[in-house]
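As stored in final29.cif (mmCIF, C-alpha atoms):
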```cif
data_protein
loop_
_atom_site.label_atom_id
_atom_site.label_comp_id
_atom_site.auth_asym_id
_atom_site.auth_seq_id
_atom_site.Cartn_x
_atom_site.Cartn_y
_atom_site.Cartn_z
CA MET A 1 -7.44 -28.62 17.88
CA SER A 2 -9.56 -25.86 16.47
CA VAL A 3 -9.16 -22.23 15.55
CA HIS A 4 -9.39 -19.85 18.48
CA GLU A 5 -12.76 -18.22 18.08
CA GLN A 6 -11.62 -14.85 19.41
CA PHE A 7 -9.21 -14.60 16.47
CA ALA A 8 -11.52 -16.03 13.81
CA GLU A 9 -12.73 -12.73 12.36
CA ASP A 10 -9.30 -11.15 12.57
CA LEU A 11 -7.82 -14.13 10.71
CA ALA A 12 -10.12 -13.48 7.77
CA LEU A 13 -9.13 -9.81 7.71
CA TYR A 14 -5.46 -10.72 8.06
CA ALA A 15 -5.70 -13.07 5.09
CA LEU A 16 -7.13 -10.18 3.10
CA GLY A 17 -4.36 -7.84 4.27
CA SER A 18 -7.04 -5.65 5.88
CA LEU A 19 -6.05 -5.95 9.52
CA GLU A 20 -4.15 -3.01 10.92
CA GLY A 21 -2.29 -1.71 13.93
CA ALA A 22 -2.51 -3.33 17.32
CA GLN A 23 -4.96 -6.01 16.18
CA ARG A 24 -2.58 -7.11 13.44
CA HIS A 25 0.31 -7.16 15.87
CA ALA A 26 -1.67 -9.18 18.43
CA LEU A 27 -2.73 -11.72 15.81
CA GLU A 28 0.79 -12.13 14.44
CA LYS A 29 2.00 -12.79 17.96
CA HIS A 30 -0.71 -15.40 18.44
CA LEU A 31 0.05 -17.04 15.06
CA ASP A 32 3.66 -17.56 16.10
CA GLY A 33 2.54 -20.11 18.65
CA CYS A 34 -0.72 -21.49 17.26
CA ALA A 35 -0.56 -24.15 14.55
CA PRO A 36 -4.37 -24.51 14.08
CA CYS A 37 -4.73 -20.79 13.45
CA ARG A 38 -1.80 -20.87 11.02
CA ARG A 39 -3.47 -23.72 9.17
CA GLU A 40 -6.75 -21.83 9.10
CA LEU A 41 -4.94 -18.81 7.70
CA GLU A 42 -3.55 -20.91 4.83
CA LEU A 43 -7.04 -22.25 4.12
CA LEU A 44 -8.48 -18.73 4.13
CA ARG A 45 -5.83 -17.66 1.69
CA GLY A 46 -6.73 -20.62 -0.46
CA ASP A 47 -10.40 -19.59 -0.38
CA LEU A 48 -9.36 -16.10 -1.40
CA SER A 49 -7.26 -17.39 -4.29
CA LEU A 50 -10.45 -18.91 -5.69
CA LEU A 51 -12.07 -15.52 -5.43
CA ALA A 52 -9.20 -14.09 -7.49
CA LEU A 53 -9.61 -16.81 -10.08
CA THR A 54 -13.24 -15.84 -10.65
CA THR A 55 -12.09 -12.74 -12.51
CA ALA A 56 -12.49 -13.10 -16.22
CA GLY A 57 -11.16 -10.27 -18.30
CA PRO A 58 -9.59 -9.70 -21.67
CA LYS A 59 -6.33 -11.37 -22.56
CA PRO A 60 -3.22 -9.23 -22.18
CA PRO A 61 -2.21 -7.41 -25.35
CA ALA A 62 0.38 -9.00 -27.60
CA ARG A 63 2.83 -6.22 -26.79
CA ALA A 64 2.93 -7.41 -23.16
CA ARG A 65 4.21 -10.81 -24.32
CA GLN A 66 6.79 -9.20 -26.54
CA ARG A 67 7.89 -6.92 -23.73
CA LEU A 68 8.40 -9.85 -21.38
CA MET A 69 10.28 -11.89 -23.97
CA SER A 70 12.61 -8.98 -24.66
CA ALA A 71 13.25 -8.48 -20.97
CA ILE A 72 13.98 -12.19 -20.53
CA ALA A 73 16.33 -12.16 -23.50
CA ASP A 74 18.14 -9.21 -21.94
CA GLU A 75 18.50 -11.07 -18.68
CA PRO A 76 19.71 -14.56 -19.57
CA ARG A 77 20.41 -17.01 -16.81
CA LEU A 78 23.08 -19.64 -16.84
CA PRO A 79 21.65 -23.14 -16.79
CA VAL A 80 22.24 -25.20 -13.67
CA ALA A 81 23.62 -28.51 -14.80
CA PRO A 82 22.12 -31.72 -13.40
CA ALA A 83 24.07 -33.40 -10.62
CA SER A 84 25.19 -36.35 -12.79
CA GLU A 85 26.66 -34.03 -15.41
CA ARG A 86 28.45 -32.04 -12.73
CA GLN A 87 30.05 -35.27 -11.47
CA GLN A 88 31.30 -36.16 -14.96
CA ARG A 89 32.79 -32.76 -15.43
CA SER A 90 34.68 -32.86 -12.18
CA TRP A 91 36.14 -36.25 -13.17
CA TRP A 92 37.22 -34.75 -16.49
CA SER A 93 38.46 -31.56 -14.99
CA ALA A 94 40.73 -33.46 -12.62
CA ARG A 95 42.62 -34.54 -15.73
CA GLY A 96 42.28 -31.38 -17.78
CA TRP A 97 41.69 -27.97 -16.21
CA PRO A 98 42.91 -27.42 -12.74
CA ALA A 99 39.93 -27.64 -10.40
CA VAL A 100 40.88 -24.36 -8.79
CA ARG A 101 40.43 -22.53 -12.10
CA TRP A 102 36.90 -23.89 -12.46
CA ALA A 103 36.15 -22.86 -8.91
CA ALA A 104 37.36 -19.33 -9.62
CA VAL A 105 35.22 -19.08 -12.77
CA LEU A 106 32.19 -20.40 -10.92
CA ALA A 107 32.73 -17.96 -8.08
CA LEU A 108 32.94 -15.08 -10.56
CA VAL A 109 29.74 -16.21 -12.27
CA VAL A 110 27.94 -16.47 -8.93
CA VAL A 111 29.13 -13.01 -7.96
CA ALA A 112 28.09 -11.61 -11.35
CA ILE A 113 24.60 -13.12 -11.06
CA GLY A 114 24.30 -11.78 -7.53
CA LEU A 115 25.30 -8.32 -8.71
CA LEU A 116 22.84 -8.47 -11.61
CA ARG A 117 20.01 -9.38 -9.27
CA ARG A 118 21.05 -6.75 -6.77
CA ASN A 119 21.21 -4.20 -9.54
CA SER A 120 17.74 -5.12 -10.70
CA THR A 121 16.36 -4.82 -7.15
CA LEU A 122 18.04 -1.45 -6.71
CA GLN A 123 16.61 -0.26 -10.01
CA ARG A 124 13.11 -1.17 -8.86
CA ASP A 125 13.66 0.51 -5.50
CA LEU A 126 14.97 3.60 -7.23
CA ALA A 127 11.95 3.75 -9.53
CA TRP A 128 9.67 3.46 -6.52
CA GLN A 129 11.55 6.19 -4.65
CA ARG A 130 11.33 8.45 -7.71
CA GLU A 131 7.61 7.90 -7.88
CA GLN A 132 7.21 8.73 -4.20
CA PHE A 133 9.40 11.79 -4.60
CA THR A 134 7.31 13.05 -7.52
CA ASP A 135 4.12 12.43 -5.61
CA GLN A 136 5.36 14.28 -2.53
CA GLY A 137 6.68 17.10 -4.67
CA SER A 138 3.27 17.50 -6.23
CA ARG A 139 1.58 17.60 -2.81
CA LEU A 140 4.11 20.13 -1.55
CA GLU A 141 3.46 22.29 -4.58
CA GLN A 142 -0.27 22.21 -3.87
CA ALA A 143 0.33 23.13 -0.22
CA ASN A 144 2.60 26.00 -1.27
CA GLU A 145 -0.08 27.35 -3.57
CA VAL A 146 -2.60 27.33 -0.72
CA VAL A 147 -0.20 29.12 1.63
CA LYS A 148 0.79 31.65 -1.06
CA THR A 149 -2.85 32.47 -1.70
CA LEU A 150 -3.61 32.86 1.99
CA LEU A 151 -0.63 35.13 2.58
CA ASP A 152 -0.57 37.12 -0.63
CA PRO A 153 -1.12 40.79 0.29
CA ASP A 154 -2.68 41.34 -3.15
CA ALA A 155 -5.21 38.54 -2.71
CA GLN A 156 -8.73 39.83 -2.10
CA LYS A 157 -9.96 38.95 1.37
CA ILE A 158 -13.66 39.42 1.64
CA GLU A 159 -15.51 38.56 4.80
CA LEU A 160 -19.15 37.71 4.65
CA VAL A 161 -21.39 38.76 7.55
CA ALA A 162 -25.12 38.68 8.14
CA ALA A 163 -26.86 41.08 5.72
CA GLY A 164 -27.31 44.56 7.16
CA ASN A 165 -24.64 44.08 9.84
CA LYS A 166 -21.57 46.21 9.99
CA PRO A 167 -18.40 44.08 9.76
CA GLN A 168 -16.80 43.73 13.18
CA PRO A 169 -13.09 43.30 13.92
CA ARG A 170 -12.27 39.65 14.10
CA GLY A 171 -9.32 37.29 14.06
CA LYS A 172 -8.55 33.61 13.68
CA ALA A 173 -5.52 31.94 15.24
CA ILE A 174 -4.46 28.47 14.11
CA TYR A 175 -1.89 27.16 16.53
CA GLN A 176 0.03 23.86 16.54
CA ARG A 177 1.81 23.58 19.87
CA ARG A 178 3.99 20.59 18.92
CA ASN A 179 5.75 22.40 16.09
CA ARG A 180 5.26 25.95 17.44
CA ASN A 181 3.38 26.86 14.28
CA LEU A 182 1.00 29.78 14.49
CA ILE A 183 -0.97 31.42 11.72
CA PHE A 184 -3.13 34.39 12.61
CA PHE A 185 -5.55 36.24 10.34
CA ALA A 186 -7.30 39.46 11.34
CA SER A 187 -9.91 41.44 9.45
CA ASN A 188 -11.95 44.65 9.83
CA LEU A 189 -9.47 46.09 12.28
CA PRO A 190 -9.83 49.84 12.84
CA PRO A 191 -7.06 51.98 11.35
CA LEU A 192 -4.16 52.46 13.75
CA PRO A 193 -3.95 55.73 15.67
CA ALA A 194 -0.66 57.60 15.36
CA LYS A 195 2.31 55.91 17.07
CA LYS A 196 0.29 52.81 17.88
CA ILE A 197 0.61 49.21 16.73
CA TYR A 198 -1.36 46.01 17.18
CA GLU A 199 0.17 43.13 19.10
CA LEU A 200 -0.91 39.48 19.28
CA TRP A 201 -0.55 37.68 22.62
CA LEU A 202 -0.63 34.02 23.50
CA PHE A 203 -2.17 33.36 26.92
CA PRO A 204 -0.77 30.05 28.25
CA ALA A 205 -3.14 27.46 29.67
CA ASN A 206 -1.02 27.11 32.82
CA GLY A 207 -1.81 30.68 33.81
CA SER A 208 1.71 32.04 33.34
CA ALA A 209 2.39 35.48 31.85
CA PRO A 210 1.15 36.22 28.30
CA ILE A 211 3.70 35.63 25.54
CA ALA A 212 4.22 38.22 22.78
CA ALA A 213 3.29 36.59 19.45
CA GLY A 214 3.94 39.38 16.97
CA LEU A 215 3.45 43.05 16.18
CA PHE A 216 1.48 43.94 13.09
CA LYS A 217 -0.16 46.72 11.13
CA PRO A 218 -3.33 46.07 9.12
CA ASP A 219 -3.68 47.07 5.49
CA ALA A 220 -6.12 49.70 4.23
CA ARG A 221 -9.01 47.21 4.50
CA GLY A 222 -8.15 46.32 8.10
CA SER A 223 -6.65 42.90 7.25
CA ALA A 224 -3.43 41.53 8.70
CA THR A 225 -1.59 38.22 8.97
CA VAL A 226 0.99 36.92 11.43
CA VAL A 227 2.84 33.74 10.44
CA ASN A 228 5.03 31.68 12.76
CA PRO A 229 6.31 34.29 15.20
CA PRO A 230 9.10 33.09 17.51
CA LEU A 231 7.47 31.16 20.37
CA PRO A 232 8.79 29.00 23.21
CA GLU A 233 8.45 25.22 23.03
CA SER A 234 5.32 23.27 23.92
CA VAL A 235 3.17 26.01 25.35
CA GLU A 236 -0.46 25.04 25.50
CA ALA A 237 -2.59 28.05 24.65
CA LYS A 238 -5.63 29.03 26.62
CA ASN A 239 -6.37 32.01 24.46
CA PHE A 240 -5.13 34.63 22.01
CA VAL A 241 -5.70 38.36 22.36
CA VAL A 242 -4.85 41.38 20.19
CA THR A 243 -4.09 44.63 21.98
CA LEU A 244 -3.35 48.14 20.82
CA GLU A 245 0.14 49.06 22.03
CA PRO A 246 2.50 52.04 21.79
CA GLU A 247 4.67 51.63 18.73
CA SER A 248 7.85 52.26 20.68
CA GLY A 249 8.98 50.88 24.01
CA SER A 250 8.85 47.40 25.51
CA HIS A 251 6.48 44.79 24.12
CA GLU A 252 7.11 42.08 26.71
CA SER A 253 3.74 42.34 28.44
CA PRO A 254 0.40 43.74 27.30
CA ARG A 255 -0.16 47.31 28.42
CA GLY A 256 -2.77 48.52 25.96
CA THR A 257 -6.44 47.79 25.62
CA PRO A 258 -7.68 44.51 24.09
CA VAL A 259 -9.13 44.94 20.59
CA ILE A 260 -10.16 41.37 19.85
CA VAL A 261 -10.18 38.47 22.26
CA GLY A 262 -10.27 34.76 21.52
CA LEU A 263 -13.08 32.55 22.65
CA GLY A 264 -10.56 30.17 24.20
CA GLU A 265 -11.42 27.05 22.17
CA MET B 266 1.51 -18.93 1.80
CA LYS B 267 2.07 -22.39 0.27
CA ILE B 268 -0.21 -24.23 -2.04
CA GLY B 269 -1.10 -27.77 -1.13
CA VAL B 270 -3.02 -29.48 -3.91
CA PRO B 271 -2.44 -33.18 -3.64
CA SER B 272 -5.38 -33.90 -5.90
CA ALA B 273 -4.14 -31.87 -8.86
CA GLY B 274 -4.17 -33.78 -12.12
CA PRO B 275 -0.88 -35.49 -12.85
CA ASN B 276 -0.55 -34.37 -16.48
CA ALA B 277 -1.02 -30.67 -15.94
CA MET B 278 1.05 -30.73 -12.76
CA THR B 279 3.87 -32.58 -14.48
CA SER B 280 3.68 -30.10 -17.28
CA ASP B 281 3.94 -27.11 -14.94
CA LEU B 282 6.73 -28.82 -13.08
CA ALA B 283 8.55 -29.55 -16.33
CA LEU B 284 8.24 -25.95 -17.45
CA VAL B 285 9.41 -24.57 -14.13
CA THR B 286 12.35 -26.99 -14.13
CA ALA B 287 13.25 -25.97 -17.67
CA SER B 288 12.99 -22.29 -16.72
CA ARG B 289 15.32 -22.96 -13.85
CA SER B 290 17.85 -24.10 -16.44
CA GLY B 291 17.48 -20.84 -18.32
CA ASP B 292 15.10 -22.15 -20.98
CA GLN B 293 13.33 -19.08 -22.38
CA GLY B 294 10.90 -21.23 -24.36
CA ALA B 295 9.64 -22.82 -21.13
CA MET B 296 9.08 -19.38 -19.67
CA THR B 297 7.15 -18.39 -22.78
CA ALA B 298 4.95 -21.47 -22.38
CA LEU B 299 4.23 -20.58 -18.74
CA TYR B 300 3.36 -17.06 -19.82
CA ASP B 301 1.00 -18.32 -22.52
CA ARG B 302 -0.69 -20.59 -20.01
CA TYR B 303 -1.13 -18.19 -17.11
CA SER B 304 -0.78 -14.61 -18.33
CA SER B 305 -4.56 -14.28 -18.78
CA ILE B 306 -5.16 -15.14 -15.13
CA VAL B 307 -2.54 -12.71 -13.86
CA TYR B 308 -3.68 -9.93 -16.18
CA SER B 309 -7.39 -10.42 -15.40
CA VAL B 310 -6.83 -10.23 -11.67
CA ALA B 311 -4.55 -7.18 -11.94
CA LEU B 312 -6.98 -5.45 -14.29
CA ARG B 313 -9.95 -6.16 -12.00
CA VAL B 314 -8.10 -4.52 -9.10
CA LEU B 315 -6.41 -1.67 -10.93
CA GLN B 316 -9.00 -0.90 -13.63
CA ASP B 317 -6.11 0.31 -15.77
CA THR B 318 -4.64 -1.70 -18.63
CA GLY B 319 -1.18 -0.11 -18.46
CA ALA B 320 -0.85 -0.68 -14.72
CA ALA B 321 -2.13 -4.25 -15.11
CA GLU B 322 0.52 -4.88 -17.78
CA ASP B 323 3.19 -3.63 -15.39
CA VAL B 324 2.05 -6.09 -12.73
CA LEU B 325 2.02 -8.88 -15.32
CA GLN B 326 5.55 -8.04 -16.41
CA ASP B 327 6.81 -7.75 -12.85
CA ILE B 328 5.43 -11.11 -11.76
CA PHE B 329 6.73 -13.09 -14.74
CA MET B 330 10.14 -11.43 -14.51
CA GLN B 331 10.33 -12.46 -10.87
CA LEU B 332 9.36 -15.97 -11.84
CA TRP B 333 12.10 -15.94 -14.49
CA ARG B 334 14.66 -14.75 -11.98
CA ASN B 335 13.54 -17.15 -9.31
CA PRO B 336 11.49 -20.06 -10.72
CA GLY B 337 12.20 -22.02 -7.53
CA ALA B 338 9.80 -19.67 -5.73
CA PHE B 339 6.98 -21.88 -6.97
CA ASP B 340 7.01 -25.33 -5.44
CA ALA B 341 5.14 -27.24 -8.14
CA THR B 342 5.05 -30.48 -6.20
CA ARG B 343 3.02 -28.88 -3.44
CA GLY B 344 0.78 -26.47 -5.17
CA ASN B 345 -1.27 -25.13 -7.98
CA MET B 346 0.28 -22.51 -10.15
CA ALA B 347 -2.95 -20.85 -11.23
CA ALA B 348 -4.03 -20.15 -7.63
CA TRP B 349 -0.55 -19.09 -6.60
CA LEU B 350 -0.21 -16.64 -9.49
CA ALA B 351 -3.73 -15.30 -8.90
CA VAL B 352 -2.90 -14.50 -5.27
CA ILE B 353 0.40 -12.88 -6.18
CA ALA B 354 -1.30 -10.83 -8.91
CA ARG B 355 -3.96 -9.63 -6.47
CA ASN B 356 -1.39 -8.70 -3.81
CA ARG B 357 0.86 -6.87 -6.27
CA ALA B 358 -2.07 -5.03 -7.82
CA ILE B 359 -3.29 -3.88 -4.39
CA ASP B 360 0.23 -2.68 -3.60
CA ALA B 361 0.25 -0.75 -6.87
CA LEU B 362 -3.22 0.60 -6.19
CA ARG B 363 -2.12 1.92 -2.84
CA ARG B 364 1.22 2.98 -4.27
CA ARG B 365 3.11 1.16 -1.62
CA ARG B 366 6.13 -1.07 -1.75
CA PRO B 367 5.45 -4.75 -2.17
CA GLU B 368 5.10 -6.23 1.30
CA ASN B 369 7.19 -9.17 0.19
CA ASN B 370 9.84 -8.52 -2.37
CA ASP B 371 10.16 -12.21 -3.15
CA ILE B 372 7.28 -14.13 -4.59
CA GLU B 373 8.49 -17.26 -2.83
CA ASP B 374 7.03 -16.04 0.46
CA VAL B 375 3.52 -16.58 -0.84
CA VAL B 376 1.98 -19.90 0.20
CA VAL B 377 -1.63 -20.79 -0.55
CA SER B 378 -3.52 -23.86 0.55
CA VAL B 379 -6.20 -24.85 -1.96
CA GLU B 380 -8.04 -28.11 -1.50
CA HIS B 381 -9.77 -28.14 -4.86
CA ASP B 382 -8.78 -29.49 -8.20
CA LEU B 383 -7.53 -26.64 -10.36
CA ALA B 384 -4.98 -28.43 -12.46
CA SER B 385 -6.68 -28.30 -15.83
CA GLU B 386 -8.75 -25.57 -17.39
CA ALA B 387 -11.83 -27.79 -17.15
CA ASP B 388 -11.24 -28.36 -13.43
CA ARG B 389 -10.74 -24.66 -12.88
CA SER B 390 -13.85 -23.83 -14.84
CA ARG B 391 -15.99 -26.21 -12.72
CA THR B 392 -14.65 -24.82 -9.46
CA MET B 393 -15.04 -21.24 -10.63
CA ASP B 394 -18.67 -21.87 -11.58
CA LYS B 395 -19.27 -23.00 -8.01
CA VAL B 396 -17.50 -19.93 -6.58
CA ARG B 397 -19.43 -17.55 -8.83
CA GLY B 398 -22.66 -19.28 -7.86
CA ALA B 399 -21.81 -18.90 -4.18
CA LEU B 400 -21.05 -15.21 -4.68
CA GLN B 401 -24.32 -14.63 -6.49
CA ALA B 402 -26.24 -16.41 -3.74
CA MET B 403 -24.70 -14.27 -0.99
CA PRO B 404 -26.64 -11.34 0.46
CA ALA B 405 -25.52 -8.24 -1.45
CA PRO B 406 -23.93 -6.46 1.56
CA GLN B 407 -21.89 -9.57 2.35
CA ARG B 408 -20.67 -9.97 -1.22
CA SER B 409 -19.94 -6.28 -1.45
CA ALA B 410 -17.87 -6.24 1.78
CA LEU B 411 -15.86 -9.22 0.58
CA GLU B 412 -15.22 -7.71 -2.84
CA MET B 413 -14.30 -4.30 -1.45
CA ALA B 414 -11.76 -5.94 0.86
CA TYR B 415 -10.36 -8.28 -1.75
CA PHE B 416 -10.48 -6.39 -5.03
CA GLU B 417 -10.24 -2.83 -3.76
CA GLY B 418 -7.84 -3.57 -0.92
CA LEU B 419 -9.91 -1.60 1.58
CA THR B 420 -9.38 -2.17 5.28
CA HIS B 421 -12.39 -3.06 7.38
CA SER B 422 -12.42 0.44 8.88
CA GLU B 423 -12.40 1.94 5.36
CA ILE B 424 -15.29 -0.30 4.37
CA ALA B 425 -17.17 0.71 7.53
CA GLY B 426 -16.53 4.37 6.65
CA LYS B 427 -17.71 3.85 3.08
CA THR B 428 -20.86 1.91 3.91
CA GLY B 429 -21.70 3.63 7.19
CA GLU B 430 -21.91 0.29 8.96
CA PRO B 431 -20.34 -0.64 12.32
CA LEU B 432 -16.86 -2.19 12.23
CA GLY B 433 -18.11 -5.37 13.86
CA THR B 434 -20.74 -5.85 11.18
CA VAL B 435 -18.15 -5.46 8.42
CA LYS B 436 -15.84 -7.99 10.09
CA THR B 437 -18.64 -10.49 10.50
CA ARG B 438 -19.77 -10.09 6.90
CA ILE B 439 -16.30 -10.69 5.52
CA ARG B 440 -15.78 -13.82 7.59
CA SER B 441 -19.26 -15.14 6.87
CA GLY B 442 -18.69 -14.58 3.16
CA LEU B 443 -15.50 -16.62 3.23
CA LEU B 444 -17.12 -19.39 5.25
CA THR B 445 -20.01 -19.49 2.79
CA LEU B 446 -17.54 -19.93 -0.07
CA ARG B 447 -15.83 -22.78 1.73
CA ARG B 448 -19.11 -24.47 2.58
CA VAL B 449 -20.30 -24.35 -1.03
CA LEU B 450 -17.03 -25.70 -2.36
CA ALA B 451 -16.97 -28.51 0.16
CA ALA B 452 -20.49 -29.63 -0.81
#
```

Just give me the structure of the file as C-alpha cells.
Amino acid sequence: MSVHEQFAEDLALYALGSLEGAQRHALEKHLDGCAPCRRELELLRGDLSLLALTTAGPKPPARARQRLMSAIADEPRLPVAPASERQQRSWWSARGWPAVRWAAVLALVVVAIGLLRRNSTLQRDLAWQREQFTDQGSRLEQANEVVKTLLDPDAQKIELVAAGNKPQPRGKAIYQRRNRNLIFFASNLPPLPAKKIYELWLFPANGSAPIAAGLFKPDARGSATVVNPPLPESVEAKNFVVTLEPESGSHESPRGTPVIVGLGE
Amino acid sequence: MKIGVPSAGPNAMTSDLALVTASRSGDQGAMTALYDRYSSIVYSVALRVLQDTGAAEDVLQDIFMQLWRNPGAFDATRGNMAAWLAVIARNRAIDALRRRRPENNDIEDVVVSVEHDLASEADRSRTMDKVRGALQAMPAPQRSALEMAYFEGLTHSEIAGKTGEPLGTVKTRIRSGLLTLRRVLAA
C-alpha cells in the first residue's frame, strides 16, 4: 500500500502544522481510515525532528537549571513502589495495619496528587487567559484612541483638495449592515440657513422607502459626524444622501433638497 | 507522534530508560541528569524559533516540568528522546510565538518516527551533518520555504503571501524539501 498521492503535499503541510481549514479537516478525515498515510505522517514528523535537531545554539543559562530544580523540589512526587515490594507490604499489612486504612491513605494521596496536577493546569490556563486579556485590552485601548481622535470635536480636520480648487461639500459613510454600525463624516458643508437642519438618509438596496439616519448641524468649518444612529436590522444600503430639512416637523421621509449624494458603492 | 528507533544504541537507550524510570519514582537526581543531557537541544530549538532567550527559557522550563510530572509520556523503549524533545520544543515554541494555547496539553500525544541512529552524541552529530549538507544543497527557495514553515510556523498561505509565489508552488517546495532530506539520509 502506498500513500495517496492526492494527499501527499497536504500531509507534509499537516506534519508542519501549516495546513488549515477545510483542507486540514479533509485530511484528518482521510487519516482516520488510511494506515499508509498515517505511517507516512509519522515518517514526515521524524524527518522534521531531524530538521529541529540541526539547530545549534548556546547552552541555556545556569539560572534556567536552578529554576527547574527549584520547581521540581517544590513539586515532589511520591515514588511508585515496584510490584514485588507492593506484594510484600500487603502480606505484612494483613498482619499489622488494617488493609482498609492503607487503602484510605492511598486514595487520599491519589486525590491529593490529582488536585495538585489540576491546580497546576489551572494556573497555566489562568496565566494564558491573563495574557490574552492584557493583549485584548491593549488592542481595545488602541481602537478607542483612534475613535476618540476621529470623533473629537476639537481635533483639526483638514481636507486636502487639488491646488486652486475650492473645497466642495463632501461626506463619507462607513456602514456595516450586520451590526448596524454607521459612521458618517461630512466636511465643507455650507452654513445652515435659519430653522434648517441637515439629515442623513439611508436608501435601501431593495428600493423601499429611505430610512432616516440622523439629524446633524455642522461646526463653523462645515464638518459634522454621525455615529451609530438607530437603524433597523440587516438593511443593505444602496446609497446615502444628505438633505437640507426644516428643523421642526416630521423627519420620516426626505422633503428637502439633496446637498450631497453618495456614489452608491 | 511516536518515536520508533529500533536501531538506537543499547547503552544510551538503557541510560535514558533508567533515568526516566528513576524519574517516575520521584528521583530528582535522575531528572537533573536528563536536563543536563537534553536541555541544550530543547533550548536551541526554542531559541531558533523564538529568537528570545527569556521566552526560550520558559519553553525549556515548561517541557521539563511536564516531563517531571509525567515521565511516562516518553516511551523510551520505542523512541529516541533527543528527537522527541526537539519536536516538542519546536511545537511549544511555535505555540508561544503565535501566542496560542498548546494544541496538546500533554506531551505524551507526540509520537515521532525516526529511522536513524540518534542514540549517542556521535550518532546524532553524523546524522546532523548529513541533514545540514542536504539543506545546503537544496535550492534556496526550497530551503527557505521549509525553514519558514518549520522554524517560523508560517502556514503555506502566509509563505505564499510573503514570497509572492503561488500556493501550489509553496506546497510543492515544502514537500520536495522533505523528500530530499529523506533521500539523502537513506543514502

**OP:** Compile the residues of chain B that lie within 8 Å of chain A, evaluated using only C-alpha atoms, and express the compilation as a PyMOL selection string.
**Re:** chain B and resi 266-268+289-293+297+300+304-306+308-310+312-313+322+326+329-330+333-334+347-349+351-352+355+366+376-380+393+396-397+414-415+418-421+436-437+439-440+443+446-447

Subject >> Point-to-point distance in Å for CA of Ile424 (chain B) and CA of Ala399 (chain B) >> reply: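 Computing the Euclidean distance for CA of Ala399 (chain B) and CA of Ile424 (chain B) yields 21.5 Å.
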
**OP:** Rank nothing, just name the residue among A:Asn228, A:Ser234, A:Ser250, A:Asn239 nearest to Ile183 (chain A), using only C-alpha atoms.
**Re:**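 With only C-alpha atoms as the atom set, the closest residue is A:Asn228.
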
Original post:
Expanded to explicit residues, what is the PyMOL selection byres ((chain B and resi 336) around 9) for this file, as a VMD selection string?
Top reply: chain B and resid 285 to 286 288 to 289 331 to 335 337 to 340 373

Original post:
Skipping near chain neighbours, those fewer than 4 positions away, what residues fall within 10 Å of Ile174 (chain A) using all atoms listed in the file, listed as a PyMOL selection string?
Top reply: chain A and resi 181-185+227

**OP:** Please indicate the distance in Å from CA of Val307 (chain B) to CA of Asn356 (chain B), rounded to one decimal place.
**Re:** 10.9 Å

**OP:** Go through the shown structure with the PyMOL selection byres ((chain B and resi 358) around 7) and write out the matching residues as a ChimeraX atom specification.
**Re:** /B:311,314-315,324,354-357,359-362

**OP:** Could you check which of B:Thr434, B:Arg363, B:Thr318, B:Gly294 is closest to Glu417 (chain B), using all atoms listed in the file?
**Re:**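 Among B:Thr434, B:Arg363, B:Thr318, B:Gly294, it is B:Arg363 that comes nearest to Glu417 (chain B).
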
Subject >> Protein and nucleic acid residues near (-1.5, 32.5, 29.8) (cut-off 10 Å, only C-alpha atoms) as a list in words >> reply: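 Collected hits near the coordinates: Trp201, Leu202, Phe203, Pro204, Ala205, Asn206, Gly207, Ser208, Ala209, Pro210, Ile211, Val235, Glu236, Ala237, Lys238, Asn239 and Phe240 of chain A.
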
Write out, as an mmCIF file, keeping the file's coordinate frame, the residues just selected, with C-alpha atoms.
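Below is the file again.cif, written as the result:
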```cif
data_model
loop_
_atom_site.group_PDB
_atom_site.id
_atom_site.type_symbol
_atom_site.label_atom_id
_atom_site.label_comp_id
_atom_site.auth_asym_id
_atom_site.auth_seq_id
_atom_site.Cartn_x
_atom_site.Cartn_y
_atom_site.Cartn_z
ATOM 1 C CA TRP A 201 -0.550 37.680 22.620
ATOM 2 C CA LEU A 202 -0.630 34.020 23.500
ATOM 3 C CA PHE A 203 -2.170 33.360 26.920
ATOM 4 C CA PRO A 204 -0.770 30.050 28.250
ATOM 5 C CA ALA A 205 -3.140 27.460 29.670
ATOM 6 C CA ASN A 206 -1.020 27.110 32.820
ATOM 7 C CA GLY A 207 -1.810 30.680 33.810
ATOM 8 C CA SER A 208 1.710 32.040 33.340
ATOM 9 C CA ALA A 209 2.390 35.480 31.850
ATOM 10 C CA PRO A 210 1.150 36.220 28.300
ATOM 11 C CA ILE A 211 3.700 35.630 25.540
ATOM 12 C CA VAL A 235 3.170 26.010 25.350
ATOM 13 C CA GLU A 236 -0.460 25.040 25.500
ATOM 14 C CA ALA A 237 -2.590 28.050 24.650
ATOM 15 C CA LYS A 238 -5.630 29.030 26.620
ATOM 16 C CA ASN A 239 -6.370 32.010 24.460
ATOM 17 C CA PHE A 240 -5.130 34.630 22.010
#
```

All file atoms of region 190-197 of chain A boxed axis-aligned, 8 Å per side, centre plus edges, as AutoDock Vina command-line options:
```
--center_x -3.8 --center_y 53.4 --center_z 14.6 --size_x 28.1 --size_y 24.4 --size_z 22.5
```

For this structure, which residues satisfy the selection - the PyMOL selection byres ((chain A and resi 194) around 12) - when it is evaluated on the file as given? I want them as a tab-separated table (two decimals) with C-alpha atoms, keeping the file's coordinate frame.
```
chain	number	residue	atom	x	y	z
A	191	PRO	CA	-7.06	51.98	11.35
A	192	LEU	CA	-4.16	52.46	13.75
A	193	PRO	CA	-3.95	55.73	15.67
A	195	LYS	CA	2.31	55.91	17.07
A	196	LYS	CA	0.29	52.81	17.88
A	197	ILE	CA	0.61	49.21	16.73
A	198	TYR	CA	-1.36	46.01	17.18
A	217	LYS	CA	-0.16	46.72	11.13
A	244	LEU	CA	-3.35	48.14	20.82
A	245	GLU	CA	0.14	49.06	22.03
A	246	PRO	CA	2.50	52.04	21.79
A	247	GLU	CA	4.67	51.63	18.73
A	248	SER	CA	7.85	52.26	20.68
```

Original post:
Distance CA of Val449 (chain B)-CA of Ala405 (chain B), one decimal place?
Top reply: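 A separation of 16.9 Å between them.
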
Original post:
So, counting all atoms listed in the file, which residue among A:Ala127, A:Leu263, A:Ala163, A:Ile158 is closest to Arg221 (chain A)?
Top reply: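 Among the listed residues, the smallest separation from Arg221 (chain A) belongs to A:Ile158.
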
Using all atoms listed in the file - which residues lie no farther than 8 Å from the point (-12.5, 30.8, 16.2) in the file's frame? Write them as a compact mmCIF listing (two decimals) with C-alpha atoms, in the frame of the given file.
```
# COMPACT_ATOMS: atom_id res chain seq x y z
CA GLY A 171 -9.32 37.29 14.06
CA LYS A 172 -8.55 33.61 13.68
CA ALA A 173 -5.52 31.94 15.24
CA GLY A 262 -10.27 34.76 21.52
CA LEU A 263 -13.08 32.55 22.65
CA GLU A 265 -11.42 27.05 22.17
```
